[in-house]
>>> print(open('query-v7.cif').read())   # mmCIF, C-alpha atoms
data_entry
loop_
_atom_site.label_atom_id
_atom_site.label_comp_id
_atom_site.auth_asym_id
_atom_site.auth_seq_id
_atom_site.Cartn_x
_atom_site.Cartn_y
_atom_site.Cartn_z
CA MET A 993 -21.25 20.57 -2.21
CA ASN A 994 -19.29 23.77 -2.48
CA ASN A 995 -19.31 24.06 1.32
CA GLY A 996 -17.75 20.59 1.58
CA ARG A 997 -15.08 21.51 -0.94
CA ASP A 998 -14.42 24.84 0.79
CA ASN A 999 -14.06 23.04 4.14
CA ARG A 1000 -11.55 20.59 2.63
CA GLU A 1001 -9.55 23.45 1.09
CA ASN A 1002 -9.63 25.38 4.38
CA LEU A 1003 -8.49 22.23 6.19
CA SER A 1004 -5.71 21.75 3.68
CA VAL A 1005 -4.51 25.36 3.99
CA SER A 1006 -4.81 25.28 7.79
CA SER A 1007 -2.90 22.00 7.94
CA PHE A 1008 -0.18 23.44 5.75
CA LEU A 1009 0.10 26.57 7.88
CA LEU A 1010 0.24 24.48 11.05
CA GLU A 1011 2.94 22.35 9.49
CA LEU A 1012 4.94 25.43 8.54
CA GLY A 1013 4.50 26.85 12.06
CA VAL A 1014 5.69 23.63 13.68
CA TYR A 1015 8.66 23.47 11.39
CA ALA A 1016 9.56 27.12 11.95
CA LEU A 1017 9.56 26.43 15.71
CA PHE A 1018 11.57 23.27 15.24
CA VAL A 1019 14.11 24.96 12.99
CA THR A 1020 14.57 27.85 15.44
CA VAL A 1021 15.14 25.50 18.38
CA TYR A 1022 17.41 23.39 16.18
CA PHE A 1023 19.60 26.31 15.15
CA PHE A 1024 20.02 27.69 18.65
CA LEU A 1025 20.41 24.47 20.62
CA VAL A 1026 21.23 21.33 18.68
CA LEU A 1027 23.54 22.68 15.98
CA HIS A 1028 25.31 24.91 18.53
CA PHE A 1029 26.32 21.92 20.67
CA LEU A 1030 26.60 19.42 17.83
CA GLY A 1031 28.86 21.63 15.69
CA GLY A 1032 31.95 21.23 17.87
CA VAL A 1033 31.59 17.46 18.14
CA LEU A 1034 31.13 17.04 14.38
CA VAL A 1035 34.13 19.24 13.53
CA TYR A 1036 36.22 17.20 15.99
CA LEU A 1037 35.08 13.93 14.38
CA TYR A 1038 35.68 15.35 10.89
CA THR A 1039 39.29 16.19 11.72
CA THR A 1040 40.15 13.12 13.81
CA SER A 1041 38.17 10.17 12.38
CA LYS A 1042 36.50 10.30 8.96
CA VAL A 1043 34.98 6.82 9.47
CA SER A 1044 33.20 7.89 12.68
CA TYR A 1045 32.18 11.14 11.00
CA ALA A 1046 30.69 9.22 8.04
CA PHE A 1047 28.65 6.92 10.32
CA VAL A 1048 27.45 9.78 12.54
CA SER A 1049 26.55 11.96 9.52
CA LEU A 1050 24.44 9.26 7.95
CA ALA A 1051 22.76 8.41 11.26
CA LEU A 1052 21.95 12.09 11.91
CA ILE A 1053 20.33 12.78 8.54
CA VAL A 1054 18.31 9.53 8.61
CA ALA A 1055 17.18 10.19 12.19
CA GLN A 1056 16.18 13.75 11.33
CA GLY A 1057 14.23 12.53 8.27
CA LEU A 1058 12.28 9.98 10.30
CA LEU A 1059 11.74 12.37 13.21
CA LEU A 1060 10.31 15.14 11.04
CA GLN A 1061 8.06 12.69 9.17
CA THR A 1062 6.68 11.23 12.41
CA LEU A 1063 6.24 14.62 14.04
CA THR A 1064 4.36 16.07 11.07
CA THR A 1065 2.11 13.05 10.59
CA TYR A 1066 1.18 13.02 14.27
CA LEU A 1067 0.48 16.75 14.39
CA LEU A 1068 -1.57 16.74 11.17
CA ARG A 1069 -3.72 13.84 12.44
CA PHE A 1070 -4.23 15.64 15.73
CA PHE A 1071 -5.15 18.88 13.97
CA GLN A 1072 -7.52 17.19 11.50
CA GLY A 1073 -9.24 15.46 14.45
CA LEU A 1074 -9.82 18.84 16.09
CA VAL A 1075 -11.26 20.34 12.88
CA LYS A 1076 -13.68 17.38 12.40
CA ARG A 1077 -14.95 17.75 15.99
CA ASP A 1078 -15.68 21.45 15.29
CA MET B 92 26.16 31.12 10.50
CA ASP B 93 29.70 29.72 10.21
CA PHE B 94 30.07 26.17 8.94
CA ALA B 95 33.52 25.13 10.13
CA ILE B 96 33.74 21.88 8.15
CA SER B 97 33.40 23.55 4.76
CA GLY B 98 34.81 26.87 6.02
CA VAL B 99 31.96 29.01 4.68
CA HIS B 100 29.55 31.54 6.17
CA VAL B 101 25.97 30.97 4.93
CA SER B 102 22.61 32.16 6.28
CA PRO B 103 20.65 29.19 7.73
CA VAL B 104 17.45 30.82 6.43
CA TYR B 105 18.89 30.74 2.88
CA LEU B 106 19.71 27.04 3.31
CA ALA B 107 16.25 26.22 4.72
CA VAL B 108 14.52 28.10 1.87
CA VAL B 109 16.64 26.33 -0.76
CA GLY B 110 15.79 23.05 0.98
CA PHE B 111 12.08 23.90 0.96
CA LEU B 112 12.07 24.68 -2.79
CA VAL B 113 14.01 21.58 -3.81
CA GLY B 114 11.83 19.57 -1.40
CA ILE B 115 8.71 20.54 -3.36
CA LEU B 116 10.44 19.69 -6.64
CA GLY B 117 11.69 16.40 -5.22
CA GLY B 118 8.31 15.27 -3.99
CA PHE B 119 6.59 16.31 -7.22
CA PHE B 120 9.09 15.15 -9.85
CA GLY B 121 10.80 12.32 -7.95
CA VAL B 122 14.18 13.98 -8.17
CA GLY B 123 16.56 15.02 -5.42
CA GLY B 124 16.58 18.60 -6.65
CA SER B 125 20.37 18.72 -6.97
CA PHE B 126 20.00 20.54 -10.31
CA LEU B 127 18.94 23.54 -8.21
CA ALA B 128 20.43 22.78 -4.76
CA GLY B 129 23.92 22.22 -6.22
CA PRO B 130 24.11 25.57 -8.02
CA ALA B 131 22.47 27.30 -5.00
CA LEU B 132 25.14 25.94 -2.61
CA PHE B 133 27.91 26.75 -5.09
CA ALA B 134 26.55 30.30 -5.40
CA ALA B 135 26.71 30.61 -1.59
CA GLY B 136 30.44 29.92 -1.70
CA VAL B 137 30.54 26.22 -0.82
CA PRO B 138 33.40 24.41 -2.64
CA MET B 139 32.14 22.13 -5.42
CA ASN B 140 33.46 18.88 -3.90
CA ILE B 141 31.60 19.71 -0.62
CA VAL B 142 28.49 20.66 -2.66
CA VAL B 143 28.46 17.18 -4.20
CA GLY B 144 28.70 15.26 -0.89
CA THR B 145 26.50 17.59 1.18
CA ASP B 146 23.72 17.59 -1.39
CA LEU B 147 23.66 13.79 -1.28
CA ALA B 148 23.35 13.87 2.52
CA HIS B 149 20.39 16.26 2.56
CA ILE B 150 18.68 14.17 -0.12
CA VAL B 151 18.77 11.09 2.15
CA GLY B 152 16.66 12.76 4.82
CA LYS B 153 14.30 14.37 2.34
CA SER B 154 13.72 11.28 0.24
CA ILE B 155 12.73 9.20 3.28
CA VAL B 156 9.81 11.57 3.83
CA ALA B 157 8.79 11.58 0.14
CA VAL B 158 9.07 7.78 -0.24
CA LYS B 159 6.75 7.19 2.71
CA LYS B 160 4.21 9.48 1.06
CA HIS B 161 4.57 7.83 -2.36
CA ARG B 162 4.30 4.34 -0.84
CA THR B 163 0.87 5.19 0.53
CA LEU B 164 -0.10 6.36 -3.01
CA GLY B 165 1.06 3.03 -4.51
CA ASN B 166 3.78 4.71 -6.59
CA VAL B 167 6.78 2.60 -5.51
CA ASP B 168 8.02 -0.50 -7.39
CA PHE B 169 10.23 -1.99 -4.65
CA LYS B 170 11.49 -4.86 -6.83
CA LEU B 171 12.73 -2.49 -9.55
CA GLY B 172 14.19 -0.11 -6.96
CA LEU B 173 16.18 -2.84 -5.18
CA ILE B 174 17.60 -4.18 -8.46
CA MET B 175 18.65 -0.67 -9.49
CA VAL B 176 20.45 -0.08 -6.19
CA VAL B 177 23.17 -2.59 -7.17
CA GLY B 178 24.05 -0.77 -10.40
CA THR B 179 23.66 2.66 -8.84
CA ILE B 180 26.13 1.98 -6.02
CA ALA B 181 28.78 0.83 -8.53
CA GLY B 182 28.17 4.02 -10.54
CA VAL B 183 28.22 6.28 -7.45
CA GLU B 184 31.61 4.90 -6.37
CA ALA B 185 33.06 5.45 -9.85
CA GLY B 186 31.74 9.03 -9.88
CA ALA B 187 33.09 9.73 -6.37
CA GLN B 188 36.54 8.45 -7.38
CA LEU B 189 36.45 10.78 -10.40
CA VAL B 190 35.74 13.72 -8.07
CA GLN B 191 38.76 12.72 -5.96
CA VAL B 192 41.02 12.74 -9.02
CA LEU B 193 39.80 16.22 -10.00
CA LYS B 194 40.15 17.43 -6.40
CA ARG B 195 43.81 16.32 -6.33
CA GLU B 196 44.41 18.22 -9.56
CA ALA B 197 42.56 21.28 -8.14
CA ARG B 198 40.17 21.30 -11.10
CA ALA B 199 37.03 19.98 -9.38
CA ASP B 200 35.11 23.28 -9.39
CA THR B 201 35.48 24.09 -13.08
CA VAL B 202 35.11 20.57 -14.49
CA ILE B 203 32.13 19.51 -12.35
CA ALA B 204 30.34 22.82 -12.85
CA SER B 205 30.87 22.68 -16.63
CA ALA B 206 29.65 19.07 -16.82
CA PHE B 207 26.63 20.06 -14.72
CA ILE B 208 25.74 22.86 -17.16
CA VAL B 209 25.96 20.64 -20.25
CA VAL B 210 23.88 17.84 -18.69
CA LEU B 211 21.20 20.22 -17.39
CA ILE B 212 20.75 22.09 -20.68
CA ALA B 213 20.59 18.85 -22.69
CA LEU B 214 18.08 17.36 -20.26
CA SER B 215 15.88 20.45 -20.27
CA VAL B 216 15.72 20.61 -24.06
CA PHE B 217 15.05 16.88 -24.44
CA ILE B 218 12.28 16.59 -21.83
CA GLY B 219 10.65 19.80 -23.04
CA TRP B 220 10.60 18.51 -26.63
CA GLU B 221 9.31 15.05 -25.68
CA SER B 222 6.54 16.14 -23.32
CA TRP B 223 5.36 18.88 -25.73
CA LYS B 224 5.17 16.36 -28.58
CA THR B 225 3.35 13.89 -26.32
CA LEU B 226 0.78 16.46 -25.25
CA GLN B 227 0.19 17.38 -28.92
CA MET B 228 -0.20 13.68 -29.75
CA GLN B 229 -2.72 13.25 -26.94
CA ARG B 230 -4.71 16.26 -28.16
CA ARG B 231 -4.92 14.70 -31.61
CA GLY B 232 -5.98 11.39 -30.03
CA LEU B 233 -3.02 9.49 -31.44
CA ALA B 234 -1.86 7.90 -28.20
CA SER B 235 -0.53 4.41 -28.79
CA ALA B 236 -3.00 1.66 -28.02
CA SER B 237 -0.48 0.01 -25.75
CA THR B 238 -0.02 3.05 -23.54
CA THR B 239 -2.71 4.53 -21.39
CA ARG B 240 -3.96 7.96 -22.39
CA ARG B 241 -3.07 9.13 -18.91
CA ASP B 242 0.63 8.28 -19.39
CA ALA B 243 1.31 8.20 -23.11
CA SER B 244 4.71 9.16 -24.51
CA VAL B 245 5.81 10.05 -28.02
CA LEU B 246 8.88 7.89 -27.28
CA ALA B 247 6.92 4.80 -26.22
CA HIS B 248 8.54 2.89 -29.11
CA VAL B 249 11.97 3.28 -27.44
CA ALA B 250 10.79 1.43 -24.32
CA LYS B 251 9.20 -1.26 -26.50
CA ALA B 252 12.49 -1.77 -28.35
CA VAL B 253 14.37 -1.96 -25.06
CA GLN B 254 11.90 -4.49 -23.66
CA ALA B 255 12.41 -6.59 -26.81
CA PHE B 256 16.14 -6.84 -25.93
CA ARG B 257 15.98 -10.34 -24.45
CA ILE B 258 19.26 -11.22 -22.75
CA PRO B 259 18.50 -13.41 -19.70
CA PRO B 260 17.72 -13.20 -16.89
CA MET B 261 14.42 -11.50 -17.74
CA ILE B 262 12.61 -9.68 -14.91
CA ARG B 263 8.85 -9.26 -14.52
CA LEU B 264 7.74 -5.92 -13.07
CA PRO B 265 3.94 -5.97 -12.62
CA THR B 266 3.87 -2.84 -10.45
CA SER B 267 5.52 -0.92 -13.32
CA GLU B 268 3.19 -2.57 -15.87
CA ILE B 269 6.22 -4.16 -17.61
CA GLY B 270 5.79 -7.78 -18.75
CA GLU B 271 9.48 -8.64 -18.99
CA VAL B 272 12.74 -6.68 -19.27
CA SER B 273 16.38 -7.80 -19.23
CA LEU B 274 18.15 -7.44 -15.89
CA TRP B 275 21.14 -5.99 -17.77
CA VAL B 276 19.09 -3.11 -19.14
CA ILE B 277 17.94 -2.19 -15.63
CA LEU B 278 21.50 -2.39 -14.31
CA GLY B 279 22.78 -0.31 -17.25
CA VAL B 280 20.31 2.49 -16.52
CA ALA B 281 21.24 2.31 -12.83
CA VAL B 282 25.03 2.45 -13.41
CA VAL B 283 24.73 5.55 -15.62
CA GLY B 284 22.46 7.26 -13.05
CA GLY B 285 24.85 6.33 -10.24
CA LEU B 286 27.87 7.67 -12.14
CA PHE B 287 26.21 11.06 -12.53
CA SER B 288 25.08 10.94 -8.89
CA GLY B 289 28.61 10.32 -7.60
CA PHE B 290 30.18 12.85 -9.98
CA LEU B 291 27.66 15.71 -9.97
CA GLY B 292 26.04 15.12 -6.57
CA GLY B 293 22.42 14.61 -5.68
CA GLY B 294 20.53 11.46 -6.50
CA ALA B 295 20.74 12.10 -10.28
CA GLY B 296 16.99 11.63 -10.37
CA TYR B 297 16.94 14.29 -13.12
CA LEU B 298 18.49 11.57 -15.31
CA ARG B 299 17.12 8.40 -13.74
CA MET B 300 13.47 9.44 -13.61
CA PRO B 301 13.35 10.23 -17.38
CA ALA B 302 15.37 7.06 -18.08
CA LEU B 303 12.83 4.95 -16.17
CA VAL B 304 10.04 6.46 -18.26
CA TYR B 305 11.66 6.57 -21.72
CA VAL B 306 14.06 3.60 -21.63
CA LEU B 307 12.30 1.07 -19.38
CA GLY B 308 8.72 2.24 -20.04
CA VAL B 309 7.73 2.72 -16.38
CA PRO B 310 4.60 4.89 -15.89
CA THR B 311 5.64 8.39 -14.78
CA HIS B 312 3.94 8.25 -11.36
CA VAL B 313 5.61 4.91 -10.53
CA ALA B 314 8.93 6.22 -11.91
CA VAL B 315 8.73 9.16 -9.50
CA GLY B 316 8.09 6.99 -6.40
CA THR B 317 10.53 4.22 -7.40
CA ASP B 318 13.28 6.68 -8.18
CA LEU B 319 12.89 8.27 -4.75
CA PHE B 320 13.05 4.84 -3.06
CA GLU B 321 16.20 4.02 -4.99
CA VAL B 322 17.66 7.44 -4.18
CA VAL B 323 17.28 6.81 -0.41
CA ILE B 324 19.57 3.78 -0.63
CA SER B 325 22.06 5.04 -3.24
CA ALA B 326 22.32 8.54 -1.70
CA SER B 327 22.96 6.93 1.72
CA TYR B 328 25.87 5.06 0.21
CA GLY B 329 27.00 8.24 -1.60
CA THR B 330 26.84 10.23 1.64
CA PHE B 331 28.94 7.64 3.43
CA THR B 332 31.62 7.34 0.76
CA HIS B 333 31.84 11.13 0.26
CA ALA B 334 31.99 11.67 4.06
CA LEU B 335 34.97 9.30 4.20
CA LYS B 336 36.65 11.49 1.59
CA GLY B 337 35.88 14.70 3.55
CA ASN B 338 33.30 15.97 1.03
CA VAL B 339 30.27 16.26 3.37
CA ASP B 340 29.36 19.21 5.63
CA ILE B 341 26.59 17.47 7.53
CA LEU B 342 25.60 20.66 9.39
CA ILE B 343 24.67 22.33 6.09
CA ALA B 344 22.74 19.20 5.07
CA LEU B 345 20.80 19.11 8.36
CA VAL B 346 19.79 22.77 8.06
CA MET B 347 18.73 22.35 4.40
CA HIS B 348 16.71 19.29 5.30
CA THR B 349 14.56 21.16 7.83
CA GLY B 350 13.06 23.09 4.89
CA ALA B 351 13.16 20.18 2.46
CA ALA B 352 11.08 17.92 4.71
CA VAL B 353 8.03 20.22 4.43
CA GLY B 354 8.46 20.76 0.69
CA ALA B 355 8.76 17.03 -0.04
CA GLN B 356 5.34 16.29 1.46
CA ILE B 357 3.69 19.11 -0.48
CA GLY B 358 5.31 17.99 -3.74
CA ALA B 359 4.30 14.36 -3.31
CA THR B 360 0.67 15.38 -2.71
CA LEU B 361 0.68 17.52 -5.88
CA THR B 362 1.50 14.49 -8.11
CA GLN B 363 -2.09 13.30 -7.62
CA LYS B 364 -3.40 16.33 -9.51
CA VAL B 365 -1.25 16.24 -12.69
CA HIS B 366 -0.93 13.66 -15.52
CA GLY B 367 2.38 12.09 -16.68
CA ALA B 368 3.22 14.29 -19.69
CA GLY B 369 2.11 17.36 -17.71
CA ILE B 370 4.55 16.48 -14.92
CA ARG B 371 7.36 16.10 -17.45
CA LEU B 372 6.54 19.37 -19.27
CA ALA B 373 6.48 21.25 -15.95
CA PHE B 374 9.84 19.67 -15.09
CA ALA B 375 11.53 20.70 -18.38
CA PRO B 376 12.51 24.34 -17.58
CA LEU B 377 13.86 23.54 -14.09
CA PRO B 378 17.24 22.02 -15.07
CA LEU B 379 17.71 25.10 -17.28
CA LEU B 380 17.32 27.34 -14.21
CA GLY B 381 20.03 25.35 -12.43
CA ALA B 382 22.30 25.66 -15.48
CA LEU B 383 21.78 29.44 -15.64
CA LEU B 384 22.55 29.79 -11.92
CA MET B 385 25.71 27.72 -12.39
CA VAL B 386 26.84 29.80 -15.41
CA TYR B 387 26.22 33.02 -13.46
CA THR B 388 28.23 31.73 -10.48
CA LEU B 389 31.12 30.60 -12.67
CA LEU B 390 31.24 33.97 -14.42
CA THR B 391 31.04 36.07 -11.25
CA ARG B 392 33.14 33.92 -8.88
CA HIS B 393 36.78 34.83 -8.36
#
>>> encode(input="query-v7.cif", output="structure tokens")
Amino acid sequence: MNNGRDNRENLSVSSFLLELGVYALFVTVYFFLVLHFLGGVLVYLYTTSKVSYAFVSLALIVAQGLLLQTLTTYLLRFFQGLVKRD
Amino acid sequence: MDFAISGVHVSPVYLAVVGFLVGILGGFFGVGGSFLAGPALFAAGVPMNIVVGTDLAHIVGKSIVAVKKHRTLGNVDFKLGLIMVVGTIAGVEAGAQLVQVLKREARADTVIASAFIVVLIALSVFIGWESWKTLQMQRRGLASASTTRRDASVLAHVAKAVQAFRIPPMIRLPTSEIGEVSLWVILGVAVVGGLFSGFLGGGAGYLRMPALVYVLGVPTHVAVGTDLFEVVISASYGTFTHALKGNVDILIALVMHTGAAVGAQIGATLTQKVHGAGIRLAFAPLPLLGALLMVYTLLTRH
């Protein structure tokens, strides 16, 4: 019984570490690519059209929320499948 | 990293770490975490009016993740959440207009920060007192027969009195284990929460979550999930209206959210391991931390 519990805890810790790793990679790519190119466009929108800026801002944060959720769920399922096969 | 919209230089790592911490708190307590994120952004040099709008934006992305998790745990009362959205949006708009008035008079920083400190200290003291009393009551086996031992509250009589306030239309909320409650009570709670959300930033879950538990009598776990669902909609509206007024630096929000998204999932999973009064007692010191950070920033900022 303890082995089962230990396995679940190991799986949980491993999943968490994988999740952190994926996010660290994502955040690094995000900082160096997306925000670099997006920054100029957003500043332009902010100064020229607040309505467009408001719509784009909301769309960006919602899209990022859904993207991260989907990405994590998919990766965790994939990783848990690998652990079960082992 | 320079954020041209708000005109500040902040480390993206600092923003991601703040996002991660408030993400855990958000997923666990059902709050946006603005009681910590707001002071943390203010301490980094972000103007208070931008703090308010930006915090709302990052909460939208984070709460989507946490709501999906809570929905799978059966912790979301969609009917209650949708009703509350109406009152919350009215309150958010009123709060945002108040910020605009203060911004025009160049007093936004001091007034909003001071209001934040008062609200956070009061909230911390109240929740700490209530949850401590409830845990003592549970130890003595005095939990009210009408409340489950798992989610008893020493203030259960307040919710009963509110539910006895019968001005039609009356609403049935089976998911929240509430037989009937007046629509006007729900809207009242939502308007007050929305006002604080629009004025102080964040989703004001630090007020709405306790109000759902103490005033309406919603079980704590359902209050957490429902509040997050409601926050997604009301914070989206808040983000939009604040962005129109130039109070949102979406780049800061996007960076904060990268950390918050991980934390929100961890926090939501942790709610399965702790009982209602335990969640509330653990929550009690956190607003106080935000208040202390805000006081420190006000005292040291030029």
>>> closest_residue(input="query-v7.cif", among="B:Thr330, B:Ser154, B:Ser97, B:Ser222", to="Val1048 in chain A", atoms="only C-alpha atoms")
B:Thr330
>>> closest_atom_pairs(input="query-v7.cif", of="chain A", to="chain B", cutoff="7 Å", atoms="only C-alpha atoms", output="JSON lines")
{"residue": "A:Val1019", "atom": "CA", "partner": "B:Thr349", "partner_atom": "CA", "distance": 6.4}
{"residue": "A:Val1035", "atom": "CA", "partner": "B:Ile96", "partner_atom": "CA", "distance": 6.0}
{"residue": "A:Lys1042", "atom": "CA", "partner": "B:Leu335", "partner_atom": "CA", "distance": 5.1}
{"residue": "A:Val1043", "atom": "CA", "partner": "B:Leu335", "partner_atom": "CA", "distance": 5.8}
{"residue": "A:Tyr1045", "atom": "CA", "partner": "B:Ala334", "partner_atom": "CA", "distance": 7.0}
{"residue": "A:Ala1046", "atom": "CA", "partner": "B:Ala334", "partner_atom": "CA", "distance": 4.9}
{"residue": "A:Phe1047", "atom": "CA", "partner": "B:Phe331", "partner_atom": "CA", "distance": 6.9}
{"residue": "A:Ser1049", "atom": "CA", "partner": "B:Ile341", "partner_atom": "CA", "distance": 5.9}
{"residue": "A:Leu1050", "atom": "CA", "partner": "B:Phe331", "partner_atom": "CA", "distance": 6.6}
{"residue": "A:Ile1053", "atom": "CA", "partner": "B:Gly152", "partner_atom": "CA", "distance": 5.2}
{"residue": "A:Val1054", "atom": "CA", "partner": "B:Gly152", "partner_atom": "CA", "distance": 5.2}
{"residue": "A:Gln1056", "atom": "CA", "partner": "B:Gly152", "partner_atom": "CA", "distance": 6.6}
{"residue": "A:Gly1057", "atom": "CA", "partner": "B:Gly152", "partner_atom": "CA", "distance": 4.2}
{"residue": "A:Leu1060", "atom": "CA", "partner": "B:Ala352", "partner_atom": "CA", "distance": 7.0}
{"residue": "A:Gln1061", "atom": "CA", "partner": "B:Val156", "partner_atom": "CA", "distance": 5.7}
>>> atom_distance(input="query-v7.cif", atom1="CA of Leu1052 in chain A", atom2="CA of Gly285 in chain B")
23.1 Å
>>> atom_distance(input="query-v7.cif", atom1="CA of Pro130 in chain B", atom2="CA of Asn166 in chain B")
29.2 Å
>>> resolve_selection(input="query-v7.cif", expression="the PyMOL selection byres ((chain B and resi 190-194) around 9)", output="list in words")
Asn140, Val143, Ala185, Gly186, Ala187, Gln188, Leu189, Arg195, Glu196, Ala197, Arg198, Ala199, Asp200, Val202, Ile203, Gly289, Phe290, Leu291 and Lys336 of chain B
>>> write_last_selection(input="query-v7.cif", atoms="C-alpha atoms", output="short mmCIF file (atom, residue, chain, number, x, y, z; two decimals), in the frame of the given file")
data_model
loop_
_atom_site.label_atom_id
_atom_site.label_comp_id
_atom_site.auth_asym_id
_atom_site.auth_seq_id
_atom_site.Cartn_x
_atom_site.Cartn_y
_atom_site.Cartn_z
CA ASN B 140 33.46 18.88 -3.90
CA VAL B 143 28.46 17.18 -4.20
CA ALA B 185 33.06 5.45 -9.85
CA GLY B 186 31.74 9.03 -9.88
CA ALA B 187 33.09 9.73 -6.37
CA GLN B 188 36.54 8.45 -7.38
CA LEU B 189 36.45 10.78 -10.40
CA ARG B 195 43.81 16.32 -6.33
CA GLU B 196 44.41 18.22 -9.56
CA ALA B 197 42.56 21.28 -8.14
CA ARG B 198 40.17 21.30 -11.10
CA ALA B 199 37.03 19.98 -9.38
CA ASP B 200 35.11 23.28 -9.39
CA VAL B 202 35.11 20.57 -14.49
CA ILE B 203 32.13 19.51 -12.35
CA GLY B 289 28.61 10.32 -7.60
CA PHE B 290 30.18 12.85 -9.98
CA LEU B 291 27.66 15.71 -9.97
CA LYS B 336 36.65 11.49 1.59
#
>>> atom_distance(input="query-v7.cif", atom1="CA of Ala131 in chain B", atom2="CA of Ser1044 in chain A")
28.4 Å
>>> resolve_selection(input="query-v7.cif", expression="the PyMOL selection byres ((chain B and resi 297) around 8)", output="MDAnalysis selection string")
chainID B and resid 122:124 126 214 295:296 298:301 378
>>> closest_residue(input="query-v7.cif", among="B:Val282, B:Leu389, B:Thr266, B:Lys251", to="Ile180 in chain B", atoms="only C-alpha atoms")
B:Val282
>>> residues_around(input="query-v7.cif", residues="Phe133 in chain B", least_positions_apart="2", cutoff="12 Å", atoms="only C-alpha atoms", output="ChimeraX atom specification")
/B:97,99,101,106,125-131,135-143,145-146,200-201,203-204,207,292,381-382,384-389,391-392
